[in-house]
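Pasted below: model_37.txt, compact mmCIF, C-alpha atoms and all ligand atoms.
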```txt
# COMPACT_ATOMS: atom_id res chain seq x y z
CA MET M 1 15.45 4.03 -23.97
CA LYS M 2 14.90 4.65 -20.27
CA GLY M 3 16.16 3.01 -17.10
CA PHE M 4 14.59 2.55 -13.66
CA ARG M 5 16.73 1.71 -10.65
CA GLY M 6 15.23 -0.02 -7.62
CA THR M 7 14.67 -3.41 -6.03
CA LEU M 8 13.24 -5.65 -8.75
CA VAL M 9 10.87 -8.48 -7.84
CA ASP M 10 9.12 -10.80 -10.29
CA PHE M 11 8.47 -14.50 -10.91
CA THR M 12 9.48 -17.09 -13.48
CA GLY M 13 6.78 -19.53 -12.32
CA ASP M 14 4.57 -20.41 -9.37
CA PRO M 15 6.76 -20.22 -6.25
CA ARG M 16 4.58 -22.82 -4.49
CA THR M 17 5.42 -25.52 -7.03
CA GLN M 18 8.70 -24.16 -8.41
CA PRO M 19 11.19 -23.28 -5.73
CA GLY M 20 13.42 -20.51 -7.02
CA ALA M 21 10.67 -18.93 -9.11
CA LEU M 22 11.11 -15.63 -7.28
CA ARG M 23 13.55 -13.27 -8.97
CA HIS M 24 14.88 -10.59 -6.69
CA VAL M 25 17.56 -8.09 -7.57
CA GLU M 26 18.24 -5.79 -4.64
CA ASP M 27 20.00 -3.07 -6.62
CA GLY M 28 18.22 -3.66 -9.88
CA LEU M 29 17.83 -1.95 -13.21
CA LEU M 30 14.85 -2.18 -15.54
CA VAL M 31 15.49 -0.86 -19.03
CA VAL M 32 12.53 0.01 -21.23
CA GLU M 33 12.67 0.52 -24.97
CA ASP M 34 9.59 1.23 -27.09
CA GLY M 35 7.33 0.35 -24.19
CA ARG M 36 8.90 -3.08 -23.63
CA VAL M 37 11.39 -4.54 -21.21
CA ALA M 38 14.80 -4.49 -22.89
CA PHE M 39 16.75 -5.56 -19.81
CA SER M 40 16.06 -6.50 -16.20
CA GLY M 41 18.93 -7.32 -13.91
CA SER M 42 21.59 -5.86 -11.75
CA TYR M 43 22.30 -2.13 -11.85
CA LYS M 44 26.01 -3.03 -11.97
CA ASP M 45 25.46 -4.60 -15.37
CA LYS M 46 24.23 -1.38 -16.91
CA LEU M 47 25.82 -1.34 -20.35
CA ASN M 48 24.98 2.12 -21.55
CA PRO M 49 26.69 4.84 -19.46
CA GLY M 50 24.51 7.51 -21.06
CA LEU M 51 21.23 5.81 -20.10
CA GLU M 52 18.74 8.18 -18.48
CA VAL M 53 17.85 6.51 -15.17
CA THR M 54 14.97 7.30 -12.80
CA ASP M 55 16.18 6.46 -9.33
CA TYR M 56 13.80 4.45 -7.16
CA SER M 57 16.54 3.08 -4.90
CA GLY M 58 15.04 1.73 -1.68
CA LYS M 59 11.69 1.17 -3.42
CA LEU M 60 10.31 -2.02 -4.89
CA ILE M 61 9.62 -2.33 -8.61
CA VAL M 62 7.14 -5.11 -9.41
CA PRO M 63 5.13 -6.01 -12.52
CA GLY M 64 1.82 -4.13 -12.76
CA PHE M 65 -0.93 -5.88 -10.86
CA VAL M 66 -3.50 -7.93 -12.75
CA ASP M 67 -7.05 -7.81 -11.37
CA ALA M 68 -8.67 -10.89 -12.87
CA HIS M 69 -12.23 -9.98 -11.88
CA VAL M 70 -13.71 -6.51 -11.36
CA HIS M 71 -16.89 -4.63 -12.28
CA SER M 72 -16.45 -1.18 -13.82
CA ALA M 73 -20.12 -0.22 -13.32
CA GLN M 74 -20.22 -1.00 -9.60
CA THR M 75 -17.85 1.64 -8.20
CA ASP M 76 -20.72 3.82 -7.05
CA ILE M 77 -22.29 1.07 -4.92
CA LEU M 78 -19.09 -0.44 -3.52
CA ALA M 79 -19.42 -1.10 0.22
CA SER M 80 -23.23 -1.25 0.20
CA PRO M 81 -24.56 -3.43 3.00
CA SER M 82 -26.97 -6.30 2.30
CA GLU M 83 -28.02 -9.71 3.56
CA ASN M 84 -26.33 -11.79 0.90
CA LEU M 85 -25.25 -11.90 -2.74
CA LEU M 86 -28.67 -12.18 -4.35
CA ASP M 87 -30.10 -9.32 -2.24
CA TRP M 88 -27.06 -7.25 -2.98
CA LEU M 89 -27.47 -7.77 -6.74
CA GLU M 90 -31.13 -6.72 -6.61
CA GLN M 91 -30.71 -3.79 -4.26
CA HIS M 92 -27.43 -2.34 -5.46
CA ALA M 93 -25.55 -3.89 -8.38
CA PHE M 94 -28.32 -3.94 -11.01
CA ARG M 95 -29.28 -0.35 -10.21
CA ALA M 96 -25.74 0.91 -10.61
CA GLU M 97 -25.36 -0.98 -13.89
CA ALA M 98 -28.66 0.33 -15.29
CA ARG M 99 -27.15 3.82 -15.25
CA PHE M 100 -24.42 2.70 -17.66
CA ALA M 101 -26.96 2.66 -20.49
CA GLU M 102 -26.37 6.41 -20.60
CA PRO M 103 -23.19 7.07 -22.63
CA ARG M 104 -22.14 10.15 -20.66
CA HIS M 105 -22.41 8.35 -17.37
CA ALA M 106 -20.64 5.32 -18.85
CA ARG M 107 -17.75 7.51 -20.04
CA GLU M 108 -17.35 9.34 -16.75
CA GLY M 109 -17.72 6.12 -14.75
CA SER M 110 -15.16 4.30 -16.89
CA GLU M 111 -12.60 7.08 -16.51
CA SER M 112 -12.96 7.14 -12.76
CA PHE M 113 -12.81 3.33 -12.66
CA LEU M 114 -9.52 3.31 -14.60
CA ASP M 115 -8.19 6.11 -12.38
CA GLU M 116 -8.79 3.84 -9.40
CA LEU M 117 -7.04 0.90 -11.05
CA VAL M 118 -3.99 3.00 -11.85
CA ARG M 119 -3.92 4.59 -8.39
CA ASN M 120 -3.78 1.07 -6.98
CA GLY M 121 -1.06 -0.18 -9.32
CA THR M 122 -3.40 -2.33 -11.41
CA THR M 123 -2.39 -2.16 -15.06
CA THR M 124 -4.43 -5.05 -16.48
CA ALA M 125 -7.92 -6.21 -15.56
CA ALA M 126 -10.66 -8.56 -16.71
CA VAL M 127 -13.68 -6.30 -16.42
CA PHE M 128 -17.47 -6.66 -16.34
CA PRO M 129 -19.05 -3.35 -17.42
CA SER M 130 -22.85 -3.68 -17.90
CA SER M 131 -25.15 -5.31 -20.45
CA HIS M 132 -25.24 -2.08 -22.49
CA PRO M 133 -22.80 -1.93 -25.41
CA GLU M 134 -22.25 1.74 -24.50
CA SER M 135 -20.60 0.63 -21.27
CA VAL M 136 -18.09 -1.49 -23.20
CA ASP M 137 -17.37 1.20 -25.77
CA ALA M 138 -16.76 3.72 -22.99
CA LEU M 139 -14.40 1.41 -21.09
CA PHE M 140 -12.41 0.33 -24.15
CA GLN M 141 -12.14 3.92 -25.42
CA ALA M 142 -10.78 5.10 -22.09
CA ALA M 143 -8.41 2.13 -21.80
CA GLU M 144 -7.11 2.60 -25.34
CA ARG M 145 -6.34 6.25 -24.65
CA ARG M 146 -4.28 5.19 -21.63
CA GLY M 147 -2.59 2.35 -23.49
CA MET M 148 -3.92 -0.15 -20.96
CA ARG M 149 -4.31 -3.88 -21.48
CA ILE M 150 -7.93 -4.62 -20.61
CA ALA M 151 -10.24 -7.57 -21.23
CA ALA M 152 -13.97 -6.88 -21.12
CA GLY M 153 -17.26 -7.64 -22.77
CA LYS M 154 -20.92 -6.77 -22.50
CA LEU M 155 -22.77 -8.71 -19.86
CA MET M 156 -25.23 -11.19 -21.29
CA MET M 157 -28.34 -11.47 -19.08
CA ASP M 158 -31.78 -12.10 -20.51
CA ARG M 159 -33.79 -13.33 -17.50
CA ASN M 160 -34.18 -13.06 -13.73
CA CYS M 161 -33.10 -9.43 -13.66
CA PRO M 162 -34.82 -6.02 -13.98
CA PRO M 163 -35.67 -4.50 -17.38
CA GLY M 164 -33.02 -1.77 -17.04
CA VAL M 165 -30.23 -4.33 -17.35
CA ARG M 166 -31.97 -7.20 -19.16
CA ASP M 167 -31.10 -7.95 -22.76
CA GLN M 168 -32.48 -10.49 -25.19
CA ALA M 169 -30.66 -13.57 -26.44
CA GLU M 170 -30.35 -12.82 -30.16
CA ARG M 171 -29.77 -9.09 -29.74
CA SER M 172 -27.17 -9.78 -27.08
CA TYR M 173 -25.31 -12.03 -29.50
CA GLU M 174 -25.44 -9.39 -32.26
CA GLU M 175 -24.25 -6.65 -29.92
CA ALA M 176 -21.36 -8.80 -28.70
CA ARG M 177 -20.39 -9.65 -32.28
CA SER M 178 -20.28 -6.04 -33.26
CA LEU M 179 -18.24 -5.12 -30.15
CA ILE M 180 -15.79 -7.91 -31.01
CA GLY M 181 -15.44 -6.46 -34.49
CA ARG M 182 -14.80 -3.00 -33.06
CA TRP M 183 -12.49 -3.78 -30.17
CA HIS M 184 -11.04 -7.30 -30.05
CA HIS M 185 -7.24 -7.16 -30.48
CA ARG M 186 -7.33 -3.43 -31.14
CA ALA M 187 -4.41 -1.79 -29.27
CA ARG M 188 -4.00 -3.92 -26.13
CA LEU M 189 -7.67 -4.76 -25.75
CA VAL M 190 -9.19 -8.22 -25.69
CA TYR M 191 -12.86 -9.13 -25.82
CA ALA M 192 -14.29 -11.36 -23.10
CA VAL M 193 -17.59 -13.12 -23.73
CA SER M 194 -19.39 -12.39 -20.44
CA PRO M 195 -22.60 -14.21 -19.56
CA ARG M 196 -23.20 -12.77 -16.08
CA PHE M 197 -23.93 -16.16 -14.46
CA ALA M 198 -26.15 -19.11 -15.28
CA PRO M 199 -29.26 -17.87 -13.39
CA THR M 200 -29.55 -14.70 -15.49
CA SER M 201 -29.22 -16.37 -18.89
CA SER M 202 -31.68 -18.50 -20.82
CA GLU M 203 -30.35 -21.66 -22.38
CA ARG M 204 -30.61 -19.99 -25.79
CA GLN M 205 -28.40 -17.16 -24.57
CA LEU M 206 -25.80 -19.56 -23.15
CA GLU M 207 -25.81 -21.41 -26.46
CA LEU M 208 -25.16 -18.16 -28.33
CA ALA M 209 -22.40 -17.22 -25.88
CA GLY M 210 -20.76 -20.56 -26.68
CA GLN M 211 -21.16 -19.79 -30.37
CA LEU M 212 -19.34 -16.45 -29.95
CA LEU M 213 -16.41 -18.32 -28.39
CA GLN M 214 -16.27 -20.71 -31.33
CA GLU M 215 -16.53 -18.00 -33.95
CA HIS M 216 -13.79 -15.68 -32.66
CA ASP M 217 -10.14 -16.54 -32.01
CA GLY M 218 -8.53 -15.38 -28.82
CA VAL M 219 -11.60 -14.10 -27.01
CA LEU M 220 -11.84 -14.84 -23.28
CA LEU M 221 -14.79 -16.22 -21.37
CA GLN M 222 -15.64 -14.79 -17.97
CA THR M 223 -18.53 -15.50 -15.64
CA HIS M 224 -19.43 -16.28 -12.02
CA LEU M 225 -19.54 -19.82 -10.65
CA SER M 226 -20.74 -21.30 -7.40
CA GLU M 227 -20.42 -18.21 -5.21
CA THR M 228 -23.17 -18.93 -2.67
CA GLU M 229 -25.18 -21.94 -1.60
CA ASN M 230 -28.48 -20.23 -2.53
CA GLU M 231 -27.19 -19.63 -6.00
CA VAL M 232 -26.09 -23.27 -6.38
CA ARG M 233 -29.59 -24.42 -5.35
CA TRP M 234 -31.17 -21.98 -7.80
CA VAL M 235 -29.01 -23.30 -10.65
CA ARG M 236 -30.09 -26.85 -9.78
CA GLU M 237 -33.74 -25.76 -10.18
CA LEU M 238 -33.18 -23.81 -13.37
CA PHE M 239 -31.07 -26.49 -15.08
CA PRO M 240 -32.45 -29.79 -13.76
CA TRP M 241 -30.60 -31.78 -16.42
CA ALA M 242 -27.17 -30.56 -15.27
CA ARG M 243 -24.92 -32.79 -13.16
CA ASN M 244 -23.74 -29.74 -11.24
CA TYR M 245 -23.21 -25.99 -11.70
CA LEU M 246 -20.06 -26.28 -13.80
CA ASP M 247 -21.83 -28.74 -16.08
CA VAL M 248 -24.14 -25.93 -17.24
CA TYR M 249 -21.22 -23.93 -18.58
CA ALA M 250 -19.52 -27.05 -19.95
CA ARG M 251 -22.64 -27.97 -21.90
CA TYR M 252 -22.43 -24.69 -23.81
CA GLY M 253 -18.73 -24.89 -24.65
CA MET M 254 -17.50 -22.48 -21.99
CA LEU M 255 -15.19 -24.84 -20.16
CA ARG M 256 -11.92 -24.16 -21.93
CA PRO M 257 -8.52 -22.50 -21.58
CA ARG M 258 -8.75 -18.74 -20.97
CA ALA M 259 -12.11 -19.17 -19.27
CA LEU M 260 -12.28 -17.30 -15.97
CA PHE M 261 -14.73 -18.56 -13.35
CA ALA M 262 -15.08 -16.13 -10.47
CA HIS M 263 -15.48 -17.42 -6.91
CA CYS M 264 -15.74 -21.26 -7.16
CA LEU M 265 -16.55 -21.49 -3.44
CA HIS M 266 -18.88 -24.48 -3.43
CA LEU M 267 -17.46 -26.82 -6.07
CA ASP M 268 -17.18 -30.53 -5.41
CA ALA M 269 -14.03 -32.50 -6.19
CA SER M 270 -15.32 -33.61 -9.59
CA GLU M 271 -15.99 -30.01 -10.61
CA TRP M 272 -12.50 -28.98 -9.53
CA GLU M 273 -10.97 -31.79 -11.55
CA ARG M 274 -13.02 -30.97 -14.59
CA LEU M 275 -12.16 -27.28 -14.38
CA ALA M 276 -8.46 -28.10 -14.06
CA ALA M 277 -8.49 -30.66 -16.88
CA ALA M 278 -10.04 -28.08 -19.21
CA GLY M 279 -7.25 -25.57 -18.47
CA ALA M 280 -9.76 -23.04 -17.18
CA ALA M 281 -9.08 -20.83 -14.17
CA ALA M 282 -10.81 -20.08 -10.89
CA VAL M 283 -10.67 -16.43 -9.92
CA HIS M 284 -10.36 -16.09 -6.18
CA CYS M 285 -12.10 -12.91 -4.93
CA PRO M 286 -11.55 -13.06 -1.18
CA GLY M 287 -12.50 -9.46 -0.35
CA SER M 288 -15.91 -9.91 -1.92
CA ASN M 289 -16.42 -13.37 -0.41
CA LEU M 290 -15.77 -11.96 3.05
CA PHE M 291 -17.83 -8.79 2.54
CA LEU M 292 -20.89 -10.61 1.14
CA GLY M 293 -20.41 -13.58 3.47
CA SER M 294 -20.37 -15.97 0.52
CA GLY M 295 -17.87 -18.51 1.81
CA LEU M 296 -14.19 -19.40 2.11
CA PHE M 297 -12.30 -20.35 -1.04
CA ASP M 298 -10.71 -23.78 -0.78
CA PHE M 299 -7.19 -23.27 -2.05
CA GLY M 300 -6.42 -26.85 -1.01
CA ALA M 301 -8.98 -28.26 -3.43
CA ALA M 302 -7.70 -26.03 -6.23
CA ARG M 303 -4.10 -27.09 -5.57
CA ARG M 304 -4.99 -30.79 -5.33
CA ALA M 305 -6.80 -30.64 -8.66
CA GLY M 306 -3.99 -28.60 -10.23
CA ALA M 307 -6.41 -25.84 -11.24
CA ALA M 308 -5.10 -22.45 -12.29
CA VAL M 309 -6.04 -19.74 -9.82
CA ALA M 310 -6.13 -16.00 -10.42
CA LEU M 311 -6.90 -13.14 -8.04
CA GLY M 312 -9.66 -10.54 -8.30
CA SER M 313 -10.87 -7.55 -6.31
CA ASP M 314 -14.46 -8.10 -7.48
CA VAL M 315 -15.29 -4.46 -6.78
CA GLY M 316 -18.14 -3.63 -6.01
CA GLY M 317 -18.81 -6.96 -4.21
CA GLY M 318 -15.26 -6.36 -3.01
CA THR M 319 -14.67 -3.14 -1.12
CA SER M 320 -11.16 -2.26 -2.29
CA PHE M 321 -9.40 -1.85 -5.63
CA SER M 322 -6.09 -2.66 -3.98
CA MET M 323 -4.55 -5.95 -5.06
CA LEU M 324 -2.35 -5.72 -1.95
CA ARG M 325 -5.56 -5.93 0.07
CA ALA M 326 -6.79 -8.80 -2.12
CA MET M 327 -3.54 -10.70 -1.42
CA TYR M 328 -3.93 -10.16 2.31
CA ASP M 329 -7.57 -11.25 2.24
CA ALA M 330 -6.49 -14.38 0.34
CA CYS M 331 -3.88 -14.99 3.02
CA LYS M 332 -6.45 -14.67 5.80
CA VAL M 333 -8.92 -16.98 4.04
CA ALA M 334 -6.17 -19.57 3.56
CA ARG M 335 -5.31 -19.28 7.26
CA LEU M 336 -8.93 -19.95 8.22
CA ARG M 337 -8.78 -23.05 6.04
CA GLY M 338 -5.55 -24.15 7.72
CA LEU M 339 -3.55 -23.71 4.51
CA PRO M 340 -0.18 -22.05 3.96
CA PHE M 341 -0.16 -18.73 2.11
CA ASP M 342 2.83 -16.43 2.12
CA ALA M 343 3.76 -13.18 0.40
CA LEU M 344 5.22 -15.01 -2.59
CA ASP M 345 1.84 -16.70 -3.13
CA GLY M 346 0.19 -13.28 -2.97
CA PHE M 347 2.53 -11.41 -5.30
CA TYR M 348 2.64 -14.32 -7.76
CA LEU M 349 -1.18 -14.47 -7.89
CA ALA M 350 -1.52 -10.74 -8.48
CA THR M 351 1.09 -10.68 -11.27
CA LEU M 352 2.20 -13.71 -13.30
CA GLY M 353 -0.47 -16.05 -11.90
CA SER M 354 -3.35 -13.90 -13.06
CA ALA M 355 -1.56 -13.01 -16.31
CA ARG M 356 -1.36 -16.74 -17.06
CA ALA M 357 -5.04 -17.29 -16.31
CA LEU M 358 -5.85 -14.53 -18.82
CA GLY M 359 -3.55 -16.18 -21.38
CA MET M 360 -1.38 -13.04 -21.38
CA GLU M 361 1.87 -14.31 -19.87
CA ALA M 362 3.70 -13.76 -23.17
CA HIS M 363 2.88 -10.04 -22.85
CA ILE M 364 2.70 -9.12 -19.17
CA GLY M 365 3.17 -10.40 -15.64
CA SER M 366 6.97 -10.45 -15.41
CA PHE M 367 10.11 -8.54 -16.38
CA ALA M 368 11.37 -11.07 -18.91
CA PRO M 369 12.85 -9.20 -21.90
CA GLY M 370 10.25 -8.36 -24.52
CA ARG M 371 7.38 -8.11 -22.03
CA GLU M 372 5.27 -4.97 -22.09
CA ALA M 373 6.70 -2.58 -19.53
CA ASP M 374 3.80 -2.24 -17.09
CA PHE M 375 5.16 -1.85 -13.59
CA VAL M 376 4.51 -0.43 -10.16
CA VAL M 377 6.82 1.33 -7.74
CA LEU M 378 6.02 0.45 -4.13
CA ARG M 379 7.29 2.60 -1.27
CA PRO M 380 8.14 0.90 2.01
CA ASP M 381 7.53 4.06 4.02
CA ALA M 382 3.95 4.70 2.87
CA THR M 383 2.88 5.20 6.48
CA ALA M 384 4.85 5.90 9.64
CA LEU M 385 3.96 2.43 10.90
CA MET M 386 5.10 0.77 7.66
CA ALA M 387 8.39 2.65 7.76
CA ARG M 388 9.00 1.59 11.34
CA ARG M 389 8.05 -2.03 10.78
CA MET M 390 9.94 -2.30 7.45
CA ALA M 391 13.12 -1.22 9.22
CA GLN M 392 12.98 -4.55 11.08
CA ALA M 393 12.58 -6.68 7.93
CA ARG M 394 15.62 -8.75 7.12
CA SER M 395 14.69 -10.55 3.91
CA ILE M 396 12.82 -9.74 0.72
CA GLU M 397 10.16 -12.26 1.78
CA GLU M 398 9.59 -10.28 4.98
CA ARG M 399 9.36 -7.00 3.08
CA LEU M 400 6.87 -8.46 0.63
CA PHE M 401 4.87 -9.83 3.54
CA LEU M 402 4.68 -6.36 5.08
CA PHE M 403 3.57 -4.82 1.79
CA MET M 404 0.86 -7.47 1.65
CA THR M 405 -0.36 -7.05 5.21
CA LEU M 406 0.10 -3.30 5.78
CA GLY M 407 -0.05 -1.95 2.24
CA ASP M 408 -2.80 -0.42 0.16
CA GLU M 409 -2.94 2.34 -2.45
CA ARG M 410 -0.79 4.56 -0.23
CA ALA M 411 2.10 2.18 -0.91
CA VAL M 412 1.82 2.76 -4.67
CA GLN M 413 4.26 5.55 -5.49
CA ALA M 414 3.95 5.30 -9.27
CA THR M 415 2.27 3.21 -11.94
CA TYR M 416 3.87 2.84 -15.36
CA ILE M 417 2.06 1.64 -18.45
CA LEU M 418 4.26 0.70 -21.42
CA GLY M 419 7.08 2.50 -19.65
CA ALA M 420 5.18 5.77 -19.27
CA ARG M 421 4.13 7.13 -15.91
CA ASN M 422 0.37 7.42 -15.49
N1 LIG M 501 -22.89 -13.04 -9.47
C1 LIG M 501 -23.58 -12.55 -10.53
N2 LIG M 501 -23.34 -11.24 -10.69
C2 LIG M 501 -22.48 -10.89 -9.74
C3 LIG M 501 -21.86 -9.65 -9.38
O1 LIG M 501 -22.05 -8.61 -9.99
N3 LIG M 501 -21.01 -9.68 -8.31
C4 LIG M 501 -20.75 -10.81 -7.63
N4 LIG M 501 -19.91 -10.77 -6.59
N5 LIG M 501 -21.34 -11.97 -7.92
C5 LIG M 501 -22.19 -12.01 -8.97
ZN ZN M 502 -18.16 -10.39 -9.96
```

Would you write out, as structure tokens, the structure that this file holds?
Amino acid sequence: MKGFRGTLVDFTGDPRTQPGALRHVEDGLLVVEDGRVAFSGSYKDKLNPGLEVTDYSGKLIVPGFVDAHVHSAQTDILASPSENLLDWLEQHAFRAEARFAEPRHAREGSESFLDELVRNGTTTAAVFPSSHPESVDALFQAAERRGMRIAAGKLMMDRNCPPGVRDQAERSYEEARSLIGRWHHRARLVYAVSPRFAPTSSERQLELAGQLLQEHDGVLLQTHLSETENEVRWVRELFPWARNYLDVYARYGMLRPRALFAHCLHLDASEWERLAAAGAAAVHCPGSNLFLGSGLFDFGAARRAGAAVALGSDVGGGTSFSMLRAMYDACKVARLRGLPFDALDGFYLATLGSARALGMEAHIGSFAPGREADFVVLRPDATALMARRMAQARSIEERLFLFMTLGDERAVQATYILGARN
């Protein structure tokens, strides 16, 4: 049993709809036993006088960040300029992913990807490797060794992409099935059926992706939806029978709880309602949307429809692994839309909110007893400017706001996975 003393911050619900959902214990104690939270509360209430305590007084202890959408094979092309999403995929993303066919490169790339997550305080992620099974094996192997909770799956993409990343519908299905057999629910790993997006899959492939979801309990679905206007037009041409973009995925049984749809920038009201009614989630990736110029996420539409929203870095379309940066980008996008977005929205989205979208709130995302003890220690004096500005903060909300606006990986003092420092 181990204790950690510091300022504890977590959530019992969505602070936007549940006032009082923020839990804040200024002089807090987190007790970890066998990798799980045994106690979270006031340091005064420490029961065991002999408890070995690591002292993070003056620092914040928050649940490990959850990155609900990120690409492990795109680190090497992050921050590559291009005209728009489709150019960027052709010029940069597909090329980087083609290299993940090579197991040695996939292993090295996966390790460095997970290093970046941990350095940024991200302890769980929903990850797109590449279409090569080797890229999934490499990622899961590396994550298992670190004890990390990761969802991932091989990309399914059998058309409209170069041969180095293209697969074939039936083989893709077989490869996914065998990966599910190897990895799904092993250690803390979860398989995610991952058709890249509608334009790069034949209807046969989408049908088989839907079949994988039906045949395997507890697997996630992740894909991209309605990121740019060009893409929406393209989908209309490729699937003339579909009412709209979301309808393509719905037709193949992908509109369901624990389905993660990245971006959702150009949905109409009926798509939002349908997504919400199905219990699926939109993954907001503001850094990527700003970098690629894709559009401004409409949080208002998501809130009106009651849709679950998660937060993603979308590296390498996004340019930073930091979920603090992602929160701040989300805040700026909301501002441009004339919508409220405060630090509680940001921290909720990057912890419990995204954990819920992944269907993992019983395991991670808060400090409720029994949860897996993934947490991050944030230092308020990461830079001279932060230290100076933090000294003026009077409330926890103000401190969280400053972490969101001024923070990045420099603010992450330590990342713990199952109670062990990484
Ligand atoms: N749409 C299809 N593939 C991708 C990708 O790799 N990144 C982003 N941002 N959008 C996509
Ligand atoms: Zn993406």

Under the rule of at most 9 Å, produce a per-residue listing of chain M near ligand LIG 501 (chain M): chain, number, name, the closest pair of atoms, and the distance in Å, as CSV, using only C-alpha atoms and all ligand atoms.
```
residue,atom,partner,partner_atom,distance
M:Val70,CA,M:LIG501,N3,8.5
M:His71,CA,M:LIG501,O1,6.9
M:Gln74,CA,M:LIG501,O1,7.8
M:Leu85,CA,M:LIG501,N5,6.5
M:Leu86,CA,M:LIG501,N1,7.8
M:Trp88,CA,M:LIG501,N3,8.4
M:Leu89,CA,M:LIG501,O1,6.4
M:Ala93,CA,M:LIG501,O1,6.1
M:Phe94,CA,M:LIG501,O1,7.9
M:Phe128,CA,M:LIG501,O1,8.1
M:Arg196,CA,M:LIG501,C1,5.6
M:Phe197,CA,M:LIG501,C1,5.3
M:Ala198,CA,M:LIG501,C1,8.5
M:Pro199,CA,M:LIG501,C1,8.3
M:Thr200,CA,M:LIG501,C1,8.1
M:Thr223,CA,M:LIG501,C1,7.8
M:His224,CA,M:LIG501,N1,5.4
M:Leu225,CA,M:LIG501,N1,7.7
M:Ser226,CA,M:LIG501,N1,8.8
M:Glu227,CA,M:LIG501,N5,6.9
M:Thr228,CA,M:LIG501,N5,8.9
M:Glu231,CA,M:LIG501,N1,8.6
M:Ala262,CA,M:LIG501,N5,7.9
M:His263,CA,M:LIG501,N4,8.0
M:Cys285,CA,M:LIG501,N4,8.3
M:Ser288,CA,M:LIG501,N4,6.2
M:Asn289,CA,M:LIG501,N4,7.6
M:Leu292,CA,M:LIG501,N4,7.8
M:Ser294,CA,M:LIG501,N4,8.8
M:Asp314,CA,M:LIG501,N4,6.1
M:Val315,CA,M:LIG501,N4,7.8
M:Gly316,CA,M:LIG501,N3,7.1
M:Gly317,CA,M:LIG501,N4,4.6
M:Gly318,CA,M:LIG501,N4,7.3
```

Go through M:Ala393, M:Arg186, M:Met254, M:Asn244 and flag the residue nearest Glu207 (chain M), using all atoms listed in the file for the distances.
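Closest candidate: M:Met254.
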
Atom pair CA of Ala382 (chain M) / CA of Ile61 (chain M): separation (Å):
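Result for CA of Ala382 (chain M) versus CA of Ile61 (chain M): 14.6 Å, one decimal.
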
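CA of Ser42 (chain M) to CA of Met1 (chain M) spans 16.9 Å [interatomic distance, one decimal].
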
Excluding Gly3 (chain M) and residues on its chain fewer than 3 positions from it, collect all residues at most 6 Å away from it, counting only C-alpha atoms, and give them as a ChimeraX atom specification.
/M:30-31,52-53

Rebuild N, CA, C and O atoms on region 107-115 of chain M, as a short mmCIF file (atom, residue, chain, number, x, y, z; two decimals), keeping the file's coordinate frame?
```cif
data_model
loop_
_atom_site.label_atom_id
_atom_site.label_comp_id
_atom_site.auth_asym_id
_atom_site.auth_seq_id
_atom_site.Cartn_x
_atom_site.Cartn_y
_atom_site.Cartn_z
N ARG M 107 -19.08 6.95 -19.79
CA ARG M 107 -17.75 7.51 -20.04
C ARG M 107 -17.12 8.01 -18.74
O ARG M 107 -15.97 7.69 -18.42
N GLU M 108 -17.88 8.77 -18.01
CA GLU M 108 -17.35 9.34 -16.75
C GLU M 108 -17.03 8.22 -15.76
O GLU M 108 -15.99 8.22 -15.10
N GLY M 109 -17.93 7.24 -15.68
CA GLY M 109 -17.72 6.12 -14.75
C GLY M 109 -16.52 5.28 -15.14
O GLY M 109 -15.77 4.80 -14.26
N SER M 110 -16.30 5.11 -16.43
CA SER M 110 -15.16 4.30 -16.89
C SER M 110 -13.84 5.01 -16.60
O SER M 110 -12.85 4.37 -16.21
N GLU M 111 -13.83 6.32 -16.81
CA GLU M 111 -12.60 7.08 -16.51
C GLU M 111 -12.26 6.98 -15.02
O GLU M 111 -11.10 6.75 -14.64
N SER M 112 -13.25 7.15 -14.20
CA SER M 112 -12.96 7.14 -12.76
C SER M 112 -12.59 5.72 -12.32
O SER M 112 -11.73 5.53 -11.45
N PHE M 113 -13.18 4.71 -12.94
CA PHE M 113 -12.81 3.33 -12.66
C PHE M 113 -11.33 3.08 -13.01
O PHE M 113 -10.56 2.53 -12.20
N LEU M 114 -10.91 3.53 -14.20
CA LEU M 114 -9.52 3.31 -14.60
C LEU M 114 -8.57 4.13 -13.74
O LEU M 114 -7.46 3.68 -13.42
N ASP M 115 -9.00 5.33 -13.32
CA ASP M 115 -8.19 6.11 -12.38
C ASP M 115 -7.92 5.30 -11.12
O ASP M 115 -6.80 5.29 -10.59
#
```
